[in-house]
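S.K.: Got a structure here, written out as structure tokens. Questions coming.
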Amino acid sequence: MAARKWFASLFPSVKAQEEEDLVDPQAVLREKCSQHGHAPVLWEKYQACNDRVGGRSQTTETCVEELFDYLHELDHCVSKTLFSKLK
């Protein structure tokens, strides 16, 4: 029992605040950014590519480039304000 008290004095326990709803600021910003700037146009290009590729039985085409363009636009938008919202 004395060993536990000694151990606890070296490593105090920290308890989280109860019932605190944590919200990921990146997810919130990505949602906002997906509706502004070039993001909607890039999303439409990605969806068109996805529909085209999905409609074929045999194709070597992928939509990786369109997806990366869309994600790059989202990340660029999010990076402008993300770090100011982190605690």
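Just remember, in the structure tokens the first chain shown is A, the second B, etc., residues are 1-based per chain, and ligands are 1-based in the order shown.
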Considering only C-alpha atoms, tabulate each residue of range 9-69 of chain A that lies at most 10 Å from range 74-83 of chain A along with its nearest interatomic pair and the corresponding distance in Å to one decimal; arrange the rows by chain and ascending residue number and present them as a tab-separated table.
M.R.:
```
residue	atom	partner	partner_atom	distance
A:Pro25	CA	A:Leu82	CA	6.9
A:Gln26	CA	A:Leu82	CA	6.4
A:Ala27	CA	A:Val78	CA	9.2
A:Val28	CA	A:Val78	CA	9.3
A:Leu29	CA	A:Val78	CA	5.7
A:Arg30	CA	A:Val78	CA	6.2
A:Glu31	CA	A:Leu74	CA	8.9
A:Lys32	CA	A:Val78	CA	8.8
A:Cys33	CA	A:Leu74	CA	6.0
A:Ser34	CA	A:Leu74	CA	6.5
A:Gln35	CA	A:Leu74	CA	9.7
A:His36	CA	A:Cys77	CA	8.9
A:Gly37	CA	A:Cys77	CA	8.6
A:His38	CA	A:Leu74	CA	9.0
A:Ala39	CA	A:Leu74	CA	6.7
A:Leu42	CA	A:Leu74	CA	9.9
A:Phe68	CA	A:Leu74	CA	9.8
A:Asp69	CA	A:Leu74	CA	8.8
```
S.K.: Could you tell me how far CA of Leu67 in chain A lies from CA of Gly54 in chain A, in Å and to one decimal?
M.R.: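 CA of Gly54 in chain A lies at a distance of 14.8 Å from CA of Leu67 in chain A.
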S.K.: Please measure the separation of CA of Lys85 in chain A and CA of Trp43 in chain A, giving the value in Å to one decimal.
M.R.: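 A separation of 25.7 Å between them.
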S.K.: Take CA of Glu65 in chain A and CA of Ala48 in chain A and report the distance between them in Å, one decimal.
M.R.: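 The value is 12.7 Å.
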S.K.: Using DSSP on the backbone coordinates, identify the residues of range 17-78 of chain A assigned to helix (DSSP H, G or I); present them as a PyMOL selection string.
M.R.: chain A and resi 25-33+39-54+64-78
S.K.: Write the residues of the preceding selection, restricted to N, CA, C and O atoms, as a compact mmCIF listing (two decimals), in the first residue's frame.
M.R.:
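Saved the output as result.txt:
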```txt
# COMPACT_ATOMS: atom_id res chain seq x y z
N PRO A 25 -11.55 20.59 -34.50
CA PRO A 25 -11.65 21.82 -35.30
C PRO A 25 -11.30 21.59 -36.76
O PRO A 25 -11.81 22.29 -37.64
N GLN A 26 -10.45 20.61 -37.05
CA GLN A 26 -10.11 20.33 -38.45
C GLN A 26 -11.34 19.83 -39.21
O GLN A 26 -11.58 20.23 -40.34
N ALA A 27 -12.12 18.97 -38.59
CA ALA A 27 -13.32 18.45 -39.25
C ALA A 27 -14.32 19.57 -39.52
O ALA A 27 -14.94 19.62 -40.59
N VAL A 28 -14.46 20.48 -38.57
CA VAL A 28 -15.38 21.61 -38.74
C VAL A 28 -14.91 22.51 -39.87
O VAL A 28 -15.69 22.92 -40.74
N LEU A 29 -13.62 22.80 -39.89
CA LEU A 29 -13.07 23.66 -40.94
C LEU A 29 -13.14 23.00 -42.31
O LEU A 29 -13.41 23.65 -43.31
N ARG A 30 -12.91 21.69 -42.37
CA ARG A 30 -13.00 20.98 -43.65
C ARG A 30 -14.43 21.06 -44.19
O ARG A 30 -14.63 21.21 -45.40
N GLU A 31 -15.39 20.94 -43.32
CA GLU A 31 -16.79 21.04 -43.75
C GLU A 31 -17.08 22.43 -44.33
O GLU A 31 -17.71 22.55 -45.38
N LYS A 32 -16.60 23.47 -43.65
CA LYS A 32 -16.81 24.83 -44.15
C LYS A 32 -16.07 25.05 -45.46
O LYS A 32 -16.60 25.64 -46.39
N CYS A 33 -14.82 24.59 -45.51
CA CYS A 33 -14.00 24.81 -46.70
C CYS A 33 -14.52 24.03 -47.91
O CYS A 33 -14.29 24.43 -49.04
N ALA A 39 -13.17 24.32 -54.03
CA ALA A 39 -13.49 22.99 -53.52
C ALA A 39 -14.74 22.37 -54.15
O ALA A 39 -14.70 21.20 -54.55
N PRO A 40 -15.85 23.10 -54.28
CA PRO A 40 -17.04 22.46 -54.89
C PRO A 40 -16.80 22.03 -56.35
O PRO A 40 -17.26 20.97 -56.77
N VAL A 41 -16.05 22.83 -57.09
CA VAL A 41 -15.75 22.49 -58.49
C VAL A 41 -14.87 21.24 -58.54
O VAL A 41 -15.10 20.34 -59.35
N LEU A 42 -13.86 21.18 -57.67
CA LEU A 42 -12.97 20.02 -57.63
C LEU A 42 -13.72 18.77 -57.17
O LEU A 42 -13.44 17.66 -57.65
N TRP A 43 -14.66 18.93 -56.25
CA TRP A 43 -15.47 17.79 -55.81
C TRP A 43 -16.32 17.26 -56.97
O TRP A 43 -16.44 16.05 -57.15
N GLU A 44 -16.90 18.16 -57.75
CA GLU A 44 -17.70 17.75 -58.91
C GLU A 44 -16.85 17.01 -59.93
O GLU A 44 -17.28 16.02 -60.51
N LYS A 45 -15.61 17.48 -60.14
CA LYS A 45 -14.70 16.79 -61.07
C LYS A 45 -14.39 15.39 -60.55
O LYS A 45 -14.35 14.43 -61.33
N TYR A 46 -14.17 15.28 -59.26
CA TYR A 46 -13.89 13.97 -58.67
C TYR A 46 -15.10 13.05 -58.81
O TYR A 46 -14.96 11.89 -59.19
N GLN A 47 -16.29 13.56 -58.53
CA GLN A 47 -17.50 12.75 -58.64
C GLN A 47 -17.75 12.31 -60.09
O GLN A 47 -18.15 11.17 -60.34
N ALA A 48 -17.52 13.20 -61.05
CA ALA A 48 -17.68 12.86 -62.47
C ALA A 48 -16.71 11.76 -62.86
O ALA A 48 -17.08 10.81 -63.56
N CYS A 49 -15.48 11.86 -62.42
CA CYS A 49 -14.49 10.82 -62.70
C CYS A 49 -14.90 9.51 -62.05
O CYS A 49 -14.83 8.45 -62.68
N ASN A 50 -15.34 9.57 -60.83
CA ASN A 50 -15.75 8.38 -60.10
C ASN A 50 -16.94 7.69 -60.80
O ASN A 50 -16.97 6.47 -60.92
N ASP A 51 -17.88 8.49 -61.27
CA ASP A 51 -19.02 7.94 -62.00
C ASP A 51 -18.57 7.31 -63.31
O ASP A 51 -19.05 6.24 -63.70
N ARG A 52 -17.66 7.98 -64.01
CA ARG A 52 -17.16 7.47 -65.28
C ARG A 52 -16.43 6.14 -65.09
O ARG A 52 -16.66 5.18 -65.81
N VAL A 53 -15.56 6.09 -64.10
CA VAL A 53 -14.78 4.88 -63.84
C VAL A 53 -15.70 3.77 -63.32
O VAL A 53 -15.55 2.60 -63.70
N GLY A 54 -16.64 4.11 -62.49
CA GLY A 54 -17.56 3.11 -61.95
C GLY A 54 -18.50 2.54 -63.00
O GLY A 54 -19.02 1.43 -62.84
N VAL A 64 -7.38 9.22 -58.76
CA VAL A 64 -6.45 9.64 -57.72
C VAL A 64 -6.07 11.11 -57.88
O VAL A 64 -6.03 11.87 -56.91
N GLU A 65 -5.81 11.53 -59.10
CA GLU A 65 -5.41 12.93 -59.33
C GLU A 65 -6.52 13.89 -58.91
O GLU A 65 -6.25 14.90 -58.24
N GLU A 66 -7.75 13.57 -59.27
CA GLU A 66 -8.88 14.43 -58.90
C GLU A 66 -9.08 14.46 -57.39
O GLU A 66 -9.36 15.52 -56.82
N LEU A 67 -8.91 13.31 -56.75
CA LEU A 67 -9.04 13.25 -55.30
C LEU A 67 -7.96 14.07 -54.62
O LEU A 67 -8.23 14.84 -53.70
N PHE A 68 -6.72 13.92 -55.08
CA PHE A 68 -5.62 14.69 -54.49
C PHE A 68 -5.81 16.18 -54.70
O PHE A 68 -5.50 16.98 -53.80
N ASP A 69 -6.29 16.59 -55.87
CA ASP A 69 -6.56 18.02 -56.10
C ASP A 69 -7.58 18.55 -55.11
O ASP A 69 -7.42 19.63 -54.55
N TYR A 70 -8.64 17.79 -54.89
CA TYR A 70 -9.69 18.20 -53.95
C TYR A 70 -9.15 18.28 -52.52
O TYR A 70 -9.36 19.28 -51.82
N LEU A 71 -8.45 17.24 -52.09
CA LEU A 71 -7.90 17.23 -50.73
C LEU A 71 -6.86 18.32 -50.52
O LEU A 71 -6.79 18.92 -49.45
N HIS A 72 -6.07 18.60 -51.55
CA HIS A 72 -5.09 19.68 -51.47
C HIS A 72 -5.79 21.02 -51.26
O HIS A 72 -5.35 21.84 -50.44
N GLU A 73 -6.86 21.24 -51.99
CA GLU A 73 -7.62 22.49 -51.83
C GLU A 73 -8.20 22.60 -50.43
O GLU A 73 -8.15 23.66 -49.80
N LEU A 74 -8.76 21.50 -49.91
CA LEU A 74 -9.29 21.52 -48.55
C LEU A 74 -8.20 21.82 -47.53
O LEU A 74 -8.38 22.66 -46.64
N ASP A 75 -7.08 21.13 -47.65
CA ASP A 75 -5.98 21.34 -46.70
C ASP A 75 -5.44 22.76 -46.76
O ASP A 75 -5.10 23.35 -45.74
N HIS A 76 -5.37 23.31 -47.95
CA HIS A 76 -4.89 24.69 -48.11
C HIS A 76 -5.83 25.66 -47.39
O HIS A 76 -5.38 26.57 -46.68
N CYS A 77 -7.11 25.46 -47.55
CA CYS A 77 -8.11 26.32 -46.91
C CYS A 77 -8.07 26.16 -45.39
O CYS A 77 -8.08 27.14 -44.65
N VAL A 78 -8.02 24.92 -44.93
CA VAL A 78 -8.04 24.63 -43.48
C VAL A 78 -6.79 25.17 -42.80
O VAL A 78 -6.85 25.70 -41.69
```
